[in-house]
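upload-v8.tsv (TSV, C-alpha atoms)
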```tsv
chain	number	residue	atom	x	y	z
B	1	MET	CA	-155.25	62.12	20.41
B	2	LYS	CA	-153.53	65.48	20.24
B	3	CYS	CA	-151.94	67.50	23.01
B	4	PRO	CA	-154.35	70.17	24.30
B	5	ARG	CA	-151.43	72.61	24.70
B	6	CYS	CA	-149.44	72.25	21.47
B	7	ALA	CA	-151.53	69.92	19.23
B	8	VAL	CA	-148.71	67.34	18.89
B	9	HIS	CA	-149.87	63.72	18.61
B	10	LEU	CA	-149.82	62.09	22.09
B	11	GLU	CA	-147.79	58.92	22.53
B	12	GLN	CA	-148.92	56.02	24.69
B	13	VAL	CA	-146.59	55.53	27.65
B	14	LYS	CA	-146.85	52.94	30.42
B	15	ILE	CA	-146.06	53.84	34.00
B	16	GLY	CA	-145.90	50.43	35.64
B	17	THR	CA	-149.15	48.83	34.48
B	18	VAL	CA	-150.91	52.15	33.85
B	19	LEU	CA	-151.37	53.49	30.33
B	20	THR	CA	-150.84	57.24	30.02
B	21	PHE	CA	-150.54	59.59	27.07
B	22	SER	CA	-147.54	61.88	26.80
B	23	CYS	CA	-146.62	64.86	24.62
B	24	SER	CA	-143.11	64.67	23.16
B	25	ASN	CA	-143.06	68.45	22.73
B	26	CYS	CA	-144.30	70.00	26.00
B	27	HIS	CA	-143.99	66.77	28.07
B	28	GLY	CA	-147.52	67.05	29.42
B	29	GLN	CA	-149.36	63.86	30.38
B	30	ALA	CA	-152.95	62.70	30.14
B	31	VAL	CA	-154.10	60.19	32.77
B	32	THR	CA	-157.56	58.99	33.70
B	33	LEU	CA	-158.88	59.44	37.23
B	34	GLU	CA	-159.01	55.65	37.59
B	35	ALA	CA	-155.34	55.40	36.51
B	36	LEU	CA	-154.40	57.89	39.25
B	37	ARG	CA	-155.85	55.48	41.80
B	38	THR	CA	-153.83	52.64	40.28
B	39	LEU	CA	-150.69	54.80	40.46
B	40	GLY	CA	-151.21	55.07	44.23
B	41	VAL	CA	-152.95	58.42	44.62
B	42	SER	CA	-155.09	58.18	47.74
B	43	PRO	CA	-158.88	57.99	47.48
B	44	GLU	CA	-159.07	61.25	49.44
B	45	ASN	CA	-156.98	63.04	46.81
B	46	THR	CA	-158.82	61.57	43.81
B	47	THR	CA	-162.14	62.44	45.44
B	48	ALA	CA	-160.95	66.01	46.07
B	49	ILE	CA	-159.84	66.31	42.44
B	50	TRP	CA	-163.21	65.07	41.19
B	51	ARG	CA	-165.22	67.30	43.54
B	52	SER	CA	-163.23	70.36	42.50
B	53	ALA	CA	-163.71	69.52	38.83
B	54	SER	CA	-167.45	68.94	39.33
B	55	ALA	CA	-167.76	72.34	41.03
B	56	GLY	CA	-165.93	73.92	38.08
B	57	LYS	CA	-165.36	77.28	39.80
B	58	LEU	CA	-162.23	78.22	37.82
B	59	GLY	CA	-163.77	77.61	34.41
B	60	ALA	CA	-162.13	75.92	31.43
B	61	GLN	CA	-159.03	76.63	29.36
B	62	LEU	CA	-158.27	73.44	27.43
B	63	ASN	CA	-160.33	70.98	25.44
B	64	CYS	CA	-160.06	67.30	26.29
B	65	PRO	CA	-157.74	65.43	23.92
B	66	GLU	CA	-160.04	62.38	24.12
B	67	CYS	CA	-163.59	63.74	23.67
B	68	GLY	CA	-163.01	67.41	22.76
B	69	ASN	CA	-165.19	68.80	25.56
B	70	PRO	CA	-163.91	71.72	27.66
B	71	MET	CA	-161.81	70.57	30.61
B	72	ARG	CA	-162.31	72.15	34.02
B	73	LEU	CA	-159.33	73.91	35.54
B	74	ILE	CA	-158.76	73.08	39.21
B	75	LYS	CA	-156.25	74.28	41.77
B	76	LEU	CA	-154.17	71.77	43.73
B	77	ASP	CA	-151.99	72.44	46.74
B	78	ASP	CA	-149.54	69.70	47.76
B	79	GLY	CA	-148.41	71.62	50.84
B	80	SER	CA	-145.37	73.20	49.24
B	81	ASN	CA	-146.57	73.95	45.71
B	82	ILE	CA	-149.76	75.28	44.21
B	83	PHE	CA	-150.49	74.16	40.66
B	84	TYR	CA	-153.42	73.83	38.30
B	85	ILE	CA	-154.59	70.76	36.39
B	86	ASP	CA	-157.32	70.30	33.79
B	87	VAL	CA	-160.00	67.63	34.29
B	88	CYS	CA	-162.56	66.38	31.78
B	89	CYS	CA	-165.83	65.64	33.56
B	90	CYS	CA	-167.07	63.61	30.58
B	91	CYS	CA	-164.34	60.99	30.15
B	92	HIS	CA	-162.45	61.52	33.46
B	93	LEU	CA	-159.19	62.39	31.70
B	94	ILE	CA	-156.79	64.65	33.59
B	95	TRP	CA	-154.16	66.78	31.87
B	96	PHE	CA	-150.93	67.37	33.78
B	97	ASP	CA	-148.43	69.90	32.46
B	98	PHE	CA	-144.75	68.96	32.70
B	99	GLY	CA	-143.83	67.75	36.20
B	100	GLU	CA	-147.29	68.13	37.74
B	101	LEU	CA	-148.09	64.41	37.85
B	102	ASN	CA	-145.03	63.88	40.05
B	103	MET	CA	-146.35	66.48	42.52
B	104	ILE	CA	-149.45	64.42	43.36
B	105	PRO	CA	-148.76	62.56	46.63
B	106	VAL	CA	-148.96	58.77	46.37
B	107	VAL	CA	-149.21	56.04	48.99
B	108	HIS	CA	-146.54	53.38	48.56
B	109	ILE	CA	-147.57	49.92	49.77
B	110	PRO	CA	-144.59	47.62	50.23
B	111	ALA	CA	-144.43	44.36	48.28
B	112	ASN	CA	-144.43	42.37	51.53
B	113	PHE	CA	-147.65	44.03	52.75
B	114	ILE	CA	-149.57	40.76	53.26
B	115	THR	CA	-146.73	39.15	55.22
B	116	GLN	CA	-146.77	42.13	57.63
B	117	LEU	CA	-150.38	41.44	58.58
B	118	PRO	CA	-151.17	39.51	61.80
B	119	PRO	CA	-151.00	35.71	61.28
B	120	THR	CA	-154.80	35.24	61.29
B	121	ALA	CA	-155.29	37.91	58.61
B	122	HIS	CA	-152.41	36.53	56.53
B	123	ALA	CA	-153.83	32.99	56.72
B	124	ALA	CA	-157.34	34.15	55.80
B	125	LEU	CA	-156.07	36.12	52.81
B	126	THR	CA	-153.89	33.34	51.47
B	127	SER	CA	-156.70	30.78	51.88
B	128	ASN	CA	-159.21	33.11	50.12
B	129	ASN	CA	-161.43	33.09	53.22
B	130	ILE	CA	-162.19	36.81	53.10
B	131	SER	CA	-164.87	36.78	55.80
B	132	GLN	CA	-162.29	35.81	58.45
B	133	VAL	CA	-159.95	38.77	57.83
B	134	GLU	CA	-159.83	40.85	61.01
B	135	LEU	CA	-157.16	42.88	62.69
B	136	PRO	CA	-157.18	42.64	66.47
B	137	ASP	CA	-157.27	45.89	68.43
B	138	GLU	CA	-154.07	44.94	70.25
B	139	ALA	CA	-152.08	44.47	67.03
B	140	PRO	CA	-148.70	46.20	67.10
B	141	PRO	CA	-148.32	49.39	65.04
B	142	THR	CA	-147.76	48.75	61.33
B	143	PHE	CA	-146.60	50.91	58.47
B	144	LEU	CA	-150.29	51.83	57.99
B	145	ASP	CA	-150.34	53.51	61.40
B	146	HIS	CA	-147.24	55.50	60.54
B	147	LEU	CA	-148.83	56.65	57.28
B	148	GLY	CA	-152.04	57.58	59.10
B	149	ILE	CA	-154.12	55.04	57.15
B	150	ASP	CA	-157.11	53.48	58.89
B	151	ARG	CA	-156.72	49.69	59.25
B	152	THR	CA	-160.42	49.00	58.86
B	153	TRP	CA	-160.48	50.85	55.55
B	154	CYS	CA	-157.46	48.84	54.31
B	155	ILE	CA	-159.01	45.50	55.21
B	156	THR	CA	-162.28	46.49	53.53
B	157	ALA	CA	-160.34	47.54	50.43
B	158	LEU	CA	-158.38	44.28	50.47
B	159	ARG	CA	-161.58	42.26	50.75
B	160	LEU	CA	-163.05	44.05	47.75
B	161	LEU	CA	-159.89	43.63	45.69
B	162	ILE	CA	-159.68	39.93	46.48
B	163	LYS	CA	-163.37	39.45	45.67
B	164	LEU	CA	-162.86	41.17	42.33
B	165	PHE	CA	-159.63	39.31	41.57
B	166	PHE	CA	-160.85	35.85	42.53
B	167	LYS	CA	-164.50	36.57	41.55
B	168	ILE	CA	-165.70	35.28	44.91
```

Rewritten as C-alpha cells:
Amino acid sequence: MKCPRCAVHLEQVKIGTVLTFSCSNCHGQAVTLEALRTLGVSPENTTAIWRSASAGKLGAQLNCPECGNPMRLIKLDDGSNIFYIDVCCCCHLIWFDFGELNMIPVVHIPANFITQLPPTAHAALTSNNISQVELPDEAPPTFLDHLGIDRTWCITALRLLIKLFFKI
C-alpha cells in the first residue's frame, strides 16, 4: 500500500494488538473502522464517523491506499479541535493525517474492570454463566457512572464478548 498523500510505501505498525499502516514521510496513519473500536473509540464515535462518511457531503480528495476507490472527507470536532479525516466506504479504511488519530477520544477500561463489578456479576463472569450477569439497581457508583457509560450496555457488550471468546 502507498500513502494517499505522498505515495510512500506504508509500513505496518502495531498499536497494542491493532495493526495500522503508517507513512514514514508524512506520518499519516491508515486504520480500519473495526480497529478504531479495538483501540477504544466509543461505538457512538465510530457510528458517527461511518454515518458522516456514508452521507459523503464533503466529497472526496484522496484515493484509498487499500482498494484505490475515492475516500470520503468528513469533518470531526473533538470539542476543542476541528479536523478532517478520509474514510473509504468500500473497505472501511480511515486515513488520519499526522496527529489526528490521537485526537479521537477513547474510553479507557481499567485492567481490573471485572474485579470492580458486584460479587454476583464477577462470579457469573468467571464461571462463564453469562445468563446470570446482572447489576443491581442499588449498586454503588462505578467508574462507568463517572464516564457516563450505561451499565446495561456494558453488561450486554460483555456478554457478547464472552460468548464470542468462549464460543458459548

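Proximity of B:Ala7, B:Met1, B:Ile85, B:Ile15 to Trp50 in chain B, computed with all atoms listed in the file, is greatest for B:Ile85.
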
Please identify all polymer residues within 10 Å of Asn45 in chain B, counting only C-alpha atoms, omitting same-chain residues fewer than 5 positions from it, and present them as an MDAnalysis selection string.
-> chainID B and resid 36:37 50:51 76 104:106

Near-range 92-96 of chain B list (10 Å; all atoms listed in the file; drop same-chain fewer than 5 positions) as a PyMOL selection string = chain B and resi 3-5+20-22+27-36+49-50+53+62-67+71-73+83-87+101-103

Would you save the residues of that selection, restricted to C-alpha atoms, as a tab-separated table (two decimals), in the frame of the given file?
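Just written: selection-v5.tsv:
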```
chain	number	residue	atom	x	y	z
B	3	CYS	CA	-151.94	67.50	23.01
B	4	PRO	CA	-154.35	70.17	24.30
B	5	ARG	CA	-151.43	72.61	24.70
B	20	THR	CA	-150.84	57.24	30.02
B	21	PHE	CA	-150.54	59.59	27.07
B	22	SER	CA	-147.54	61.88	26.80
B	27	HIS	CA	-143.99	66.77	28.07
B	28	GLY	CA	-147.52	67.05	29.42
B	29	GLN	CA	-149.36	63.86	30.38
B	30	ALA	CA	-152.95	62.70	30.14
B	31	VAL	CA	-154.10	60.19	32.77
B	32	THR	CA	-157.56	58.99	33.70
B	33	LEU	CA	-158.88	59.44	37.23
B	34	GLU	CA	-159.01	55.65	37.59
B	35	ALA	CA	-155.34	55.40	36.51
B	36	LEU	CA	-154.40	57.89	39.25
B	49	ILE	CA	-159.84	66.31	42.44
B	50	TRP	CA	-163.21	65.07	41.19
B	53	ALA	CA	-163.71	69.52	38.83
B	62	LEU	CA	-158.27	73.44	27.43
B	63	ASN	CA	-160.33	70.98	25.44
B	64	CYS	CA	-160.06	67.30	26.29
B	65	PRO	CA	-157.74	65.43	23.92
B	66	GLU	CA	-160.04	62.38	24.12
B	67	CYS	CA	-163.59	63.74	23.67
B	71	MET	CA	-161.81	70.57	30.61
B	72	ARG	CA	-162.31	72.15	34.02
B	73	LEU	CA	-159.33	73.91	35.54
B	83	PHE	CA	-150.49	74.16	40.66
B	84	TYR	CA	-153.42	73.83	38.30
B	85	ILE	CA	-154.59	70.76	36.39
B	86	ASP	CA	-157.32	70.30	33.79
B	87	VAL	CA	-160.00	67.63	34.29
B	101	LEU	CA	-148.09	64.41	37.85
B	102	ASN	CA	-145.03	63.88	40.05
B	103	MET	CA	-146.35	66.48	42.52
```

Return the padded bounding box of range 91-97 of chain B as lines of an AutoDock Vina configuration file: axis-aligned, built from all atoms listed in the file, 3 Å added on each side, with centre and edge lengths in Å to one decimal.
```
center_x = -156.4
center_y = 65.4
center_z = 32.0
size_x = 21.9
size_y = 14.9
size_z = 9.6
```

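Relative to CA of Cys26 in chain B, CA of Gln61 in chain B is found at 16.5 Å.
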
When you draw a straight line from CA of Asp97 in chain B to CA of Gly56 in chain B, how long is it in Å?
-> 18.8 Å

Since the input has fewer atoms than a full residue there, write range 5-36 of chain B out with N, CA and C atoms, as a compact mmCIF listing (two decimals), keeping the file's coordinate frame.
```
# COMPACT_ATOMS: atom_id res chain seq x y z
N ARG B 5 -152.28 71.41 24.64
CA ARG B 5 -151.43 72.61 24.70
C ARG B 5 -150.81 72.96 23.36
N CYS B 6 -150.21 71.94 22.68
CA CYS B 6 -149.44 72.25 21.47
C CYS B 6 -149.87 71.45 20.23
N ALA B 7 -150.93 70.67 20.34
CA ALA B 7 -151.53 69.92 19.23
C ALA B 7 -150.63 68.85 18.63
N VAL B 8 -149.58 68.44 19.33
CA VAL B 8 -148.71 67.34 18.89
C VAL B 8 -149.42 66.03 19.22
N HIS B 9 -149.26 65.02 18.37
CA HIS B 9 -149.87 63.72 18.61
C HIS B 9 -149.33 63.14 19.93
N LEU B 10 -150.22 62.67 20.80
CA LEU B 10 -149.82 62.09 22.09
C LEU B 10 -149.38 60.65 21.90
N GLU B 11 -148.31 60.28 22.59
CA GLU B 11 -147.79 58.92 22.53
C GLU B 11 -148.24 58.15 23.76
N GLN B 12 -148.56 56.87 23.57
CA GLN B 12 -148.92 56.02 24.69
C GLN B 12 -147.66 55.65 25.46
N VAL B 13 -147.71 55.84 26.78
CA VAL B 13 -146.59 55.53 27.65
C VAL B 13 -147.13 54.77 28.84
N LYS B 14 -146.44 53.70 29.24
CA LYS B 14 -146.85 52.94 30.42
C LYS B 14 -146.02 53.36 31.62
N ILE B 15 -146.70 53.62 32.71
CA ILE B 15 -146.06 53.84 34.00
C ILE B 15 -146.46 52.63 34.84
N GLY B 16 -145.54 51.70 34.99
CA GLY B 16 -145.90 50.43 35.64
C GLY B 16 -146.89 49.71 34.75
N THR B 17 -148.10 49.49 35.27
CA THR B 17 -149.15 48.83 34.48
C THR B 17 -150.17 49.83 33.94
N VAL B 18 -149.94 51.11 34.20
CA VAL B 18 -150.91 52.15 33.85
C VAL B 18 -150.56 52.78 32.51
N LEU B 19 -151.55 52.86 31.63
CA LEU B 19 -151.37 53.49 30.33
C LEU B 19 -151.64 54.98 30.46
N THR B 20 -150.67 55.79 30.04
CA THR B 20 -150.84 57.24 30.02
C THR B 20 -150.56 57.72 28.60
N PHE B 21 -150.82 58.99 28.36
CA PHE B 21 -150.54 59.59 27.07
C PHE B 21 -149.64 60.79 27.31
N SER B 22 -148.55 60.87 26.55
CA SER B 22 -147.54 61.88 26.80
C SER B 22 -147.25 62.69 25.53
N CYS B 23 -146.96 63.97 25.73
CA CYS B 23 -146.62 64.86 24.62
C CYS B 23 -145.10 64.94 24.52
N SER B 24 -144.55 64.63 23.35
CA SER B 24 -143.11 64.67 23.16
C SER B 24 -142.59 66.09 23.06
N ASN B 25 -143.48 67.06 22.87
CA ASN B 25 -143.06 68.45 22.73
C ASN B 25 -143.04 69.19 24.07
N CYS B 26 -144.20 69.24 24.74
CA CYS B 26 -144.30 70.00 26.00
C CYS B 26 -144.16 69.09 27.23
N HIS B 27 -144.14 67.79 27.01
CA HIS B 27 -143.99 66.77 28.07
C HIS B 27 -145.15 66.74 29.05
N GLY B 28 -146.31 67.20 28.62
CA GLY B 28 -147.52 67.05 29.42
C GLY B 28 -147.98 65.61 29.37
N GLN B 29 -148.87 65.24 30.32
CA GLN B 29 -149.36 63.86 30.38
C GLN B 29 -150.85 63.84 30.63
N ALA B 30 -151.53 62.93 29.93
CA ALA B 30 -152.95 62.70 30.14
C ALA B 30 -153.11 61.37 30.85
N VAL B 31 -153.88 61.38 31.95
CA VAL B 31 -154.10 60.19 32.77
C VAL B 31 -155.56 60.19 33.19
N THR B 32 -156.18 59.03 33.22
CA THR B 32 -157.56 58.99 33.70
C THR B 32 -157.58 59.03 35.23
N LEU B 33 -158.71 59.41 35.77
CA LEU B 33 -158.88 59.44 37.23
C LEU B 33 -158.68 58.05 37.81
N GLU B 34 -159.17 57.02 37.12
CA GLU B 34 -159.01 55.65 37.59
C GLU B 34 -157.53 55.25 37.59
N ALA B 35 -156.78 55.71 36.58
CA ALA B 35 -155.34 55.40 36.51
C ALA B 35 -154.59 56.05 37.67
N LEU B 36 -155.04 57.24 38.10
CA LEU B 36 -154.40 57.89 39.25
C LEU B 36 -154.51 57.00 40.48
```
